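*Asks:* Please read through the structure below; I'll follow up with questions.
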Amino acid sequence: MAMALRTAVAAAAAPRGFRRLFSTTVTPPFNPPSASVAAQQREKAEPSTNLFVSGLSKRTTTEKLHEAFSQFGEVVHAKVVTDRVSGYSKGFGFVRYATLEDAAKGIEGMDGKFLDGWVIFAEYARPRQPPTPPENNMYPPYGHQ
DNA sequence: AGTGAGCGT
């Protein structure tokens with residue numbers, strides 16, 4: 001009985017080692033851009049009229065942001081993100097141009113430039129979160145089925 | 001906070 005058991009254990013362990021040998025010969029599948037949403041969030045967003053501006057001075061206001069980016073196109077909306085309770089700037093903001101061409105010129109003209117003594121970064125903003133959460137909160141979370 | 005990478009009350 002003891003020998004049969006040891007044989008069974010050895011037979012079960014062997015195939016795992018072979019699988020590793022064969023797995024190295026498998027060609028890795030191509031990874032489309034839509035493979036991982038989380039990884040895509042770390043990459044630069046595709047061209048948009050909306051711009052994400054970071055590296056701002058804490059003293060830079062929405063008006064200053066609007067007027068600085070207006071030199072390179074028609075700004076339809078600009079906003080410095082501030083803390084709701086303290087009211088202080090978080091050091092970044094958003095600028096929306098009227099057209100994609102203006103947005104491109106805005107990046108070319110403002111990215112890496114100085115604003116209020118700080119080097120700012122202008123890039124295309126990522127699409128925002130779903131603005132309309134579905135009505136699926138009527139029932140308590142983690143509740144039983 | 002005097003904060004210093006980030007994606008919005």
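By order in the structure tokens, chains are A, B, ...; within a chain, residues start at 1; ligands start at 1, following the order shown.
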Tell me the residues of chain A close to chain B, meaning within 8 Å using only C-alpha atoms (C1' of nucleotides), as a PyMOL selection string.
*Replies:* chain A and resi 52+54-55+81+84+91-94+125-126+128
*Asks:* I'd like the neighbourhood of A:Ala68 as a PyMOL selection string, where a residue qualifies if any of its atoms comes within 12 Å (using only C-alpha atoms (C1' of nucleotides)), though same-chain residues fewer than 4 positions away should be ignored.
*Replies:* chain A and resi 53+56+60-64+72-75+78+95+106-107+109-111+113-116+120+122
*Asks:* Would you output that residue set with N, CA, C and O atoms, as a CSV table (one decimal), in the first residue's frame?
*Replies:*
chain,number,residue,atom,x,y,z
A,53,VAL,N,-4.4,69.7,-16.6
A,53,VAL,CA,-3.3,70.5,-16.4
A,53,VAL,C,-2.8,70.3,-15.0
A,53,VAL,O,-3.5,70.5,-14.0
A,56,LEU,N,0.4,72.9,-11.3
A,56,LEU,CA,0.0,74.3,-11.0
A,56,LEU,C,0.5,74.8,-9.7
A,56,LEU,O,0.6,74.0,-8.7
A,60,THR,N,-2.3,79.7,-8.3
A,60,THR,CA,-3.0,79.8,-9.6
A,60,THR,C,-4.5,79.6,-9.5
A,60,THR,O,-4.9,78.5,-9.0
A,61,THR,N,-5.2,80.6,-10.0
A,61,THR,CA,-6.7,80.4,-9.9
A,61,THR,C,-7.3,80.1,-11.2
A,61,THR,O,-6.6,80.0,-12.2
A,62,THR,N,-8.6,79.8,-11.2
A,62,THR,CA,-9.3,79.4,-12.4
A,62,THR,C,-9.2,80.5,-13.5
A,62,THR,O,-9.0,80.2,-14.7
A,63,GLU,N,-9.3,81.8,-13.1
A,63,GLU,CA,-9.2,82.9,-14.0
A,63,GLU,C,-7.8,83.0,-14.7
A,63,GLU,O,-7.7,83.2,-15.9
A,64,LYS,N,-6.8,82.8,-13.9
A,64,LYS,CA,-5.5,82.8,-14.4
A,64,LYS,C,-5.2,81.6,-15.4
A,64,LYS,O,-4.6,81.8,-16.4
A,72,PHE,N,-3.8,80.4,-26.9
A,72,PHE,CA,-3.6,79.4,-27.9
A,72,PHE,C,-4.9,78.8,-28.5
A,72,PHE,O,-4.8,77.9,-29.3
A,73,GLY,N,-6.0,79.4,-28.1
A,73,GLY,CA,-7.3,78.8,-28.6
A,73,GLY,C,-8.4,79.3,-27.8
A,73,GLY,O,-8.3,80.0,-26.8
A,74,GLU,N,-9.6,78.9,-28.3
A,74,GLU,CA,-10.8,79.4,-27.6
A,74,GLU,C,-11.2,78.4,-26.4
A,74,GLU,O,-11.5,77.3,-26.6
A,75,VAL,N,-11.0,78.9,-25.2
A,75,VAL,CA,-11.3,78.1,-24.0
A,75,VAL,C,-12.8,78.3,-23.7
A,75,VAL,O,-13.2,79.4,-23.5
A,78,ALA,N,-12.6,76.4,-18.0
A,78,ALA,CA,-11.4,76.2,-17.3
A,78,ALA,C,-11.7,76.1,-15.8
A,78,ALA,O,-12.6,76.8,-15.3
A,95,VAL,N,-8.9,72.2,-18.6
A,95,VAL,CA,-9.2,73.3,-19.6
A,95,VAL,C,-9.9,72.6,-20.8
A,95,VAL,O,-9.3,71.7,-21.4
A,106,GLY,N,-3.1,74.3,-27.5
A,106,GLY,CA,-3.0,74.6,-26.1
A,106,GLY,C,-1.9,73.8,-25.4
A,106,GLY,O,-1.2,74.3,-24.6
A,107,ILE,N,-1.8,72.5,-25.8
A,107,ILE,CA,-0.8,71.6,-25.2
A,107,ILE,C,0.6,72.1,-25.7
A,107,ILE,O,1.5,72.2,-24.9
A,109,GLY,N,1.4,74.9,-26.6
A,109,GLY,CA,1.8,76.2,-26.1
A,109,GLY,C,2.0,76.3,-24.6
A,109,GLY,O,2.7,77.2,-24.2
A,110,MET,N,1.4,75.4,-23.9
A,110,MET,CA,1.4,75.5,-22.5
A,110,MET,C,2.2,74.4,-21.7
A,110,MET,O,2.6,74.6,-20.6
A,111,ASP,N,2.3,73.2,-22.4
A,111,ASP,CA,3.0,72.1,-21.7
A,111,ASP,C,4.4,72.4,-21.5
A,111,ASP,O,5.2,72.7,-22.4
A,113,LYS,N,5.6,74.8,-19.8
A,113,LYS,CA,5.8,76.3,-19.6
A,113,LYS,C,5.6,76.7,-18.2
A,113,LYS,O,5.0,75.9,-17.4
A,114,PHE,N,6.0,77.9,-17.9
A,114,PHE,CA,5.9,78.4,-16.5
A,114,PHE,C,4.6,79.1,-16.4
A,114,PHE,O,4.1,79.8,-17.2
A,115,LEU,N,4.0,78.9,-15.2
A,115,LEU,CA,2.8,79.7,-14.8
A,115,LEU,C,2.8,79.9,-13.3
A,115,LEU,O,2.8,79.0,-12.5
A,116,ASP,N,2.9,81.2,-13.0
A,116,ASP,CA,3.0,81.6,-11.6
A,116,ASP,C,4.2,80.9,-10.9
A,116,ASP,O,4.2,80.5,-9.7
A,120,ILE,N,4.3,73.8,-15.5
A,120,ILE,CA,3.0,73.1,-15.6
A,120,ILE,C,3.0,72.0,-16.7
A,120,ILE,O,3.8,72.1,-17.6
A,122,ALA,N,0.5,70.1,-19.5
A,122,ALA,CA,-0.8,70.0,-20.1
A,122,ALA,C,-0.9,68.8,-21.0
A,122,ALA,O,0.0,68.6,-21.8
*Asks:* To test your reading of the structure, identify every residue in stretch 53-100 of chain A that backbone DSSP assigns to strand (DSSP E), and report it as a list in words.
*Replies:*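 Restricting stretch 53-100 of chain A to strand (DSSP E) produces Val53, Ser54, Val75, Val76, His77, Ala78, Lys79, Val80, Val81, Thr82, Ser89, Lys90, Gly91, Phe92, Gly93, Phe94, Val95, Arg96 and Tyr97 of chain A.
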